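K.L.:
Coordinates in data_33.csv, CSV, C-alpha atoms, are listed below.
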```csv
chain,number,residue,atom,x,y,z
J,1,MET,CA,-18.2,-49.3,-36.3
J,2,LYS,CA,-20.9,-47.7,-34.2
J,3,LYS,CA,-19.4,-49.2,-31.1
J,4,GLY,CA,-16.0,-47.8,-31.9
J,5,LEU,CA,-17.4,-44.4,-32.6
J,6,LEU,CA,-19.3,-44.4,-29.3
J,7,ILE,CA,-16.2,-45.4,-27.4
J,8,ALA,CA,-14.1,-42.7,-29.1
J,9,LEU,CA,-16.9,-40.1,-28.4
J,10,GLY,CA,-17.0,-41.3,-24.8
J,11,VAL,CA,-13.2,-40.8,-24.4
J,12,VAL,CA,-13.4,-37.3,-25.9
J,13,VAL,CA,-16.3,-36.4,-23.6
J,14,LEU,CA,-14.3,-37.7,-20.6
J,15,ILE,CA,-11.2,-35.8,-21.6
J,16,GLY,CA,-13.3,-32.7,-22.1
J,17,LEU,CA,-14.9,-33.1,-18.6
J,18,TRP,CA,-11.5,-33.6,-17.1
J,19,ALA,CA,-10.0,-30.6,-18.9
J,20,GLY,CA,-12.9,-28.5,-17.8
J,21,SER,CA,-12.5,-29.6,-14.2
J,22,VAL,CA,-8.7,-28.8,-14.3
J,23,TYR,CA,-9.4,-25.4,-15.8
J,24,ASN,CA,-11.9,-24.6,-13.1
J,25,LYS,CA,-9.3,-25.6,-10.4
J,26,LEU,CA,-6.7,-23.4,-12.1
J,27,VAL,CA,-9.1,-20.5,-12.2
J,28,THR,CA,-10.0,-21.0,-8.5
J,29,ARG,CA,-6.3,-21.2,-7.4
J,30,SER,CA,-5.3,-18.2,-9.6
J,31,GLU,CA,-8.0,-16.0,-8.1
J,32,ALA,CA,-7.1,-17.1,-4.6
J,33,VAL,CA,-3.6,-15.5,-5.0
J,34,PRO,CA,-4.8,-11.9,-5.4
J,35,ALA,CA,-7.4,-12.5,-2.7
J,36,ALA,CA,-4.7,-13.6,-0.3
J,37,TRP,CA,-2.5,-10.6,-1.3
J,38,SER,CA,-5.4,-8.3,-0.6
J,39,GLN,CA,-5.4,-9.7,3.0
J,40,VAL,CA,-1.7,-9.0,3.3
J,41,GLN,CA,-2.3,-5.5,2.1
J,42,THR,CA,-5.1,-4.9,4.6
J,43,VAL,CA,-2.8,-5.7,7.6
J,44,LEU,CA,0.1,-3.8,6.1
J,45,GLN,CA,-2.2,-0.8,5.7
J,46,ARG,CA,-3.2,-1.2,9.4
J,47,ARG,CA,0.5,-1.0,10.3
J,48,TYR,CA,1.0,1.9,7.9
J,49,ASP,CA,-1.9,3.8,9.7
J,50,LEU,CA,-0.5,3.0,13.2
J,51,ILE,CA,3.0,4.2,12.6
J,52,PRO,CA,2.5,8.0,12.7
J,53,ASN,CA,0.9,7.7,16.1
J,54,LEU,CA,3.7,5.5,17.4
J,55,VAL,CA,6.4,7.8,15.9
J,56,ASN,CA,4.8,10.9,17.3
J,57,THR,CA,4.5,9.4,20.8
J,58,VAL,CA,8.1,8.3,20.7
J,59,LYS,CA,9.2,11.7,19.4
J,60,GLY,CA,8.0,13.4,22.5
J,61,TYR,CA,10.4,11.2,24.6
J,62,ALA,CA,13.3,10.5,22.3
J,63,LYS,CA,14.1,13.7,20.5
J,64,HIS,CA,17.7,12.7,19.8
J,65,GLU,CA,16.6,9.5,18.0
J,66,LYS,CA,15.6,11.7,15.0
J,67,ASP,CA,17.4,9.7,12.3
J,68,LEU,CA,15.6,6.4,13.2
J,69,LEU,CA,12.3,8.1,13.4
J,70,THR,CA,12.9,9.8,10.0
J,71,GLU,CA,13.9,6.4,8.5
J,72,VAL,CA,10.6,4.8,9.8
J,73,THR,CA,8.6,7.7,8.3
J,74,ARG,CA,10.5,7.4,5.0
J,75,LEU,CA,9.9,3.7,4.8
J,76,ARG,CA,6.2,4.2,5.6
J,77,SER,CA,5.9,6.6,2.7
J,78,GLN,CA,7.8,4.2,0.5
J,79,TRP,CA,5.2,1.5,1.1
J,80,GLY,CA,2.4,4.0,0.4
J,81,GLU,CA,4.0,4.9,-2.9
J,82,ALA,CA,4.8,1.3,-4.0
J,83,LYS,CA,3.3,0.6,-7.5
J,84,ASN,CA,3.4,-3.3,-7.5
J,85,GLN,CA,3.6,-6.3,-5.2
J,86,GLY,CA,7.4,-6.5,-5.4
J,87,GLN,CA,7.9,-2.9,-4.3
J,88,GLN,CA,5.3,-3.4,-1.5
J,89,ILE,CA,7.1,-6.5,-0.3
J,90,ALA,CA,10.5,-4.7,-0.3
J,91,ALA,CA,9.0,-1.7,1.5
J,92,ALA,CA,7.2,-3.8,4.1
J,93,ASN,CA,10.4,-5.7,4.8
J,94,GLY,CA,12.4,-2.5,5.3
J,95,LEU,CA,9.7,-1.1,7.5
J,96,GLU,CA,9.7,-4.2,9.6
J,97,SER,CA,13.4,-4.0,10.1
J,98,ALA,CA,13.2,-0.3,11.1
J,99,LEU,CA,10.3,-0.9,13.5
J,100,SER,CA,12.5,-3.6,15.2
J,101,LYS,CA,15.2,-1.0,15.7
J,102,LEU,CA,12.7,1.5,17.0
J,103,MET,CA,11.5,-1.0,19.6
J,104,VAL,CA,15.1,-1.5,20.8
J,105,VAL,CA,15.4,2.3,21.2
J,106,ILE,CA,12.2,2.4,23.1
J,107,GLU,CA,13.7,0.0,25.7
J,108,GLN,CA,16.0,2.9,26.6
J,109,TYR,CA,13.1,5.0,27.8
J,110,PRO,CA,11.4,3.6,30.9
J,111,GLN,CA,9.1,6.6,31.3
J,112,LEU,CA,7.9,6.0,27.7
J,113,LYS,CA,7.2,2.4,28.3
J,114,ALA,CA,5.0,3.4,31.2
J,115,ASN,CA,3.0,5.9,29.1
J,116,GLU,CA,-0.6,4.6,28.7
J,117,ASN,CA,-0.9,5.9,25.1
J,118,PHE,CA,2.4,4.3,24.1
J,119,ILE,CA,1.5,0.9,25.8
J,120,ARG,CA,-1.8,0.9,23.8
J,121,LEU,CA,-0.1,1.7,20.5
J,122,GLN,CA,2.6,-0.8,21.2
J,123,ASP,CA,0.0,-3.5,21.8
J,124,GLU,CA,-1.9,-2.5,18.6
J,125,LEU,CA,1.4,-2.7,16.6
J,126,ALA,CA,2.3,-6.1,18.1
J,127,GLY,CA,-1.1,-7.4,17.3
J,128,THR,CA,-0.8,-6.0,13.8
J,129,GLU,CA,2.6,-7.6,13.3
J,130,ASN,CA,1.1,-11.0,14.3
J,131,ARG,CA,-1.7,-10.5,11.8
J,132,ILE,CA,0.9,-9.6,9.1
J,133,SER,CA,2.8,-12.8,9.9
J,134,VAL,CA,-0.3,-14.9,9.6
J,135,GLU,CA,-1.5,-13.3,6.4
J,136,ARG,CA,2.0,-13.6,4.8
J,137,MET,CA,2.0,-17.3,5.6
J,138,ARG,CA,-1.5,-17.7,4.1
J,139,TYR,CA,-0.5,-15.8,1.0
J,140,ASN,CA,2.6,-17.9,0.5
J,141,GLU,CA,0.6,-21.1,1.0
J,142,THR,CA,-1.9,-19.9,-1.6
J,143,VAL,CA,0.9,-19.0,-4.1
J,144,ASN,CA,2.5,-22.4,-3.4
J,145,ALA,CA,-0.8,-24.3,-3.9
J,146,TYR,CA,-1.4,-22.4,-7.2
J,147,ASN,CA,2.2,-23.0,-8.4
J,148,VAL,CA,2.0,-26.7,-7.6
J,149,THR,CA,-1.2,-27.0,-9.5
J,150,VAL,CA,0.1,-25.1,-12.5
J,151,ARG,CA,3.3,-27.2,-12.7
J,152,GLY,CA,2.0,-30.6,-11.8
J,153,PHE,CA,1.3,-33.3,-14.4
J,154,PRO,CA,-1.1,-33.6,-16.1
J,155,THR,CA,-2.6,-30.3,-15.0
J,156,ASN,CA,0.4,-28.5,-16.6
J,157,MET,CA,-0.9,-29.4,-20.0
J,158,VAL,CA,-4.2,-27.6,-19.5
J,159,ALA,CA,-2.4,-24.7,-17.7
J,160,GLY,CA,-0.1,-24.3,-20.8
J,161,MET,CA,-3.1,-24.4,-23.2
J,162,PHE,CA,-4.8,-21.6,-21.3
J,163,SER,CA,-1.7,-19.5,-20.4
J,164,PHE,CA,-1.7,-20.0,-16.7
J,165,LYS,CA,1.8,-19.1,-15.4
J,166,LYS,CA,3.7,-19.8,-12.2
J,167,SER,CA,3.6,-16.9,-9.7
J,168,GLU,CA,6.9,-15.5,-8.7
J,169,ASN,CA,5.7,-13.2,-5.9
J,170,TYR,CA,6.4,-15.1,-2.7
J,171,PHE,CA,6.7,-12.9,0.4
J,172,GLU,CA,10.2,-13.5,1.8
J,173,GLY,CA,11.8,-12.2,4.9
J,174,ASP,CA,14.5,-9.5,4.7
J,175,LYS,CA,17.9,-11.1,4.4
J,176,SER,CA,19.3,-8.9,7.2
J,177,ALA,CA,16.7,-10.4,9.6
J,178,GLN,CA,18.7,-13.6,9.7
J,179,GLN,CA,21.2,-11.9,12.0
J,180,ALA,CA,20.3,-10.9,15.6
J,181,PRO,CA,20.2,-7.1,16.1
J,182,GLN,CA,23.0,-5.5,18.1
J,183,VAL,CA,21.6,-3.8,21.3
J,184,GLN,CA,23.9,-1.1,22.6
J,185,PHE,CA,23.3,1.2,25.5
```
If you took the structure in this file and wrote it as structure tokens, what would it be?
P.N.:
Amino acid sequence: MKKGLLIALGVVVLIGLWAGSVYNKLVTRSEAVPAAWSQVQTVLQRRYDLIPNLVNTVKGYAKHEKDLLTEVTRLRSQWGEAKNQGQQIAAANGLESALSKLMVVIEQYPQLKANENFIRLQDELAGTENRISVERMRYNETVNAYNVTVRGFPTNMVAGMFSFKKSENYFEGDKSAQQAPQVQF
């Protein structure tokens, strides 16, 4: 009887150790998601801060492109006013699309492309867009790793006991980005 009790106690201890290990893994992965989102927000903020300088530089050369510049400014404000991740993602995607259109307009102004301030701003914005792309990818990888952990067996049993839920906040590209922009002169 003592031997059976010791075996049962050993099994319970092993299950407890396993559950504790799984719980710690879930906590680590769930905390990685907001940390990765914070990195995305950092580079989006950088873009947000650069846009007024870019818009003001372009305004001096392209006064009749007022509608596009107004749209870029509006979308920048929309990102600043976003209250949650979903709204920030939508605003960032809209802003990315508007910035692409702005770059097409800029191609029509050779004197602007030669302006030293504009070249520096354009390089900064290009670098920022690359950083955004990298951080979006890292964020999505982090969300994916967390979701796979939460949904995988037998981890899903521990996740269910401690109310770990699948994350729905992937950063997806704008649907309109799947079509090439029309360039007209």
K.L.:
Please list as a list in words every residue within 10 Å of Ala35 (chain J), counting all atoms listed in the file and excluding residues in the same chain fewer than 6 positions away.
P.N.:
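Here the answer would be Arg29, Gln41, Tyr139 and Thr142 of chain J.
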K.L.:
Could you dump the residues just selected with C-alpha atoms as a short mmCIF file (atom, residue, chain, number, x, y, z; two decimals), in the coordinates of the input?
P.N.:
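New file result-v2.cif:
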```cif
data_model
loop_
_atom_site.label_atom_id
_atom_site.label_comp_id
_atom_site.auth_asym_id
_atom_site.auth_seq_id
_atom_site.Cartn_x
_atom_site.Cartn_y
_atom_site.Cartn_z
CA ARG J 29 -6.30 -21.20 -7.40
CA GLN J 41 -2.30 -5.50 2.10
CA TYR J 139 -0.50 -15.80 1.00
CA THR J 142 -1.90 -19.90 -1.60
#
```
K.L.:
Using all atoms listed in the file for the distances, tell me which of J:Glu124, J:Asp67, J:Glu107, J:Glu31 is nearest to Tyr48 (chain J).
P.N.:
J:Glu124
K.L.:
Which residue, J:Gln78, J:Thr155, J:Asn130, J:Gln108, has the smallest gap to Arg46 (chain J) when you use all atoms listed in the file?
P.N.:
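Ranked by minimum distance to Arg46 (chain J), first place goes to J:Asn130.
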K.L.:
Between J:Asn169, J:Gln39, J:Thr28, J:Ser21, which is the closest to Arg138 (chain J) once you count only C-alpha atoms?
P.N.:
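Nearest candidate to Arg138 (chain J) out of J:Asn169, J:Gln39, J:Thr28, J:Ser21: J:Gln39.
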K.L.:
Between CA of Leu121 (chain J) and CA of Gln85 (chain J), what is the distance in Å, rounded to a tenth?
P.N.:
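One can read the CA of Leu121 (chain J) to CA of Gln85 (chain J) distance as 27.2 Å.
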K.L.:
Extract, using all atoms listed in the file, all DNA, RNA and protein residues at most 12 Å from Leu75 (chain J), discarding same-chain residues fewer than 6 positions from it, and format them as a ChimeraX atom specification.
P.N.:
/J:47-48,51-52,68-69,81-82,87-99
K.L.:
How far is it from CA of Leu125 (chain J) to CA of Gly86 (chain J), in Å with one decimal?
P.N.:
23.1 Å
K.L.:
Could you please give me, as a short mmCIF file (atom, residue, chain, number, x, y, z; two decimals) with C-alpha atoms, in the frame of the given file, the residues of protein, DNA or RNA lying at most 12 Å from (-1.4, -27.6, -18.6) in the coordinate frame of the file, considering only C-alpha atoms?
P.N.:
```
data_model
loop_
_atom_site.label_atom_id
_atom_site.label_comp_id
_atom_site.auth_asym_id
_atom_site.auth_seq_id
_atom_site.Cartn_x
_atom_site.Cartn_y
_atom_site.Cartn_z
CA TRP J 18 -11.50 -33.60 -17.10
CA ALA J 19 -10.00 -30.60 -18.90
CA GLY J 20 -12.90 -28.50 -17.80
CA VAL J 22 -8.70 -28.80 -14.30
CA TYR J 23 -9.40 -25.40 -15.80
CA LYS J 25 -9.30 -25.60 -10.40
CA LEU J 26 -6.70 -23.40 -12.10
CA ASN J 147 2.20 -23.00 -8.40
CA VAL J 148 2.00 -26.70 -7.60
CA THR J 149 -1.20 -27.00 -9.50
CA VAL J 150 0.10 -25.10 -12.50
CA ARG J 151 3.30 -27.20 -12.70
CA GLY J 152 2.00 -30.60 -11.80
CA PHE J 153 1.30 -33.30 -14.40
CA PRO J 154 -1.10 -33.60 -16.10
CA THR J 155 -2.60 -30.30 -15.00
CA ASN J 156 0.40 -28.50 -16.60
CA MET J 157 -0.90 -29.40 -20.00
CA VAL J 158 -4.20 -27.60 -19.50
CA ALA J 159 -2.40 -24.70 -17.70
CA GLY J 160 -0.10 -24.30 -20.80
CA MET J 161 -3.10 -24.40 -23.20
CA PHE J 162 -4.80 -21.60 -21.30
CA SER J 163 -1.70 -19.50 -20.40
CA PHE J 164 -1.70 -20.00 -16.70
CA LYS J 165 1.80 -19.10 -15.40
CA LYS J 166 3.70 -19.80 -12.20
#
```
K.L.:
With 9 Å as the threshold, what does the neighbourhood of (-2.8, -10.2, 11.2) contain in terms of residues, counting all atoms listed in the file? Coordinates are those of the file; answer as an MDAnalysis selection string.
P.N.:
chainID J and resid 39:40 42:44 127:136
K.L.:
Do you have the CA of Glu172 (chain J)-CA of Met137 (chain J) distance handy?
P.N.:
9.8 Å
K.L.:
Assuming 4 Å of padding per side, give the centre and edge lengths of the axis-aligned box around every listed atom of region 84-97 of chain J, in Å to one decimal and as AutoDock Vina command-line options.
P.N.:
```
--center_x 8.4 --center_y -3.8 --center_z 1.3 --size_x 18.0 --size_y 13.4 --size_z 25.6
```
K.L.:
Which of these residues is nearest to Gln122 (chain J), using all atoms listed in the file: J:Val13, J:Ala32, J:Leu54, J:Val105?
P.N.:
J:Leu54
K.L.:
Could you tell me which of J:Lys83, J:Thr57, J:Phe171, J:Thr70 comes closest to Glu116 (chain J) if we count all atoms listed in the file?
P.N.:
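Of all the options, J:Thr57 lies closest to Glu116 (chain J).
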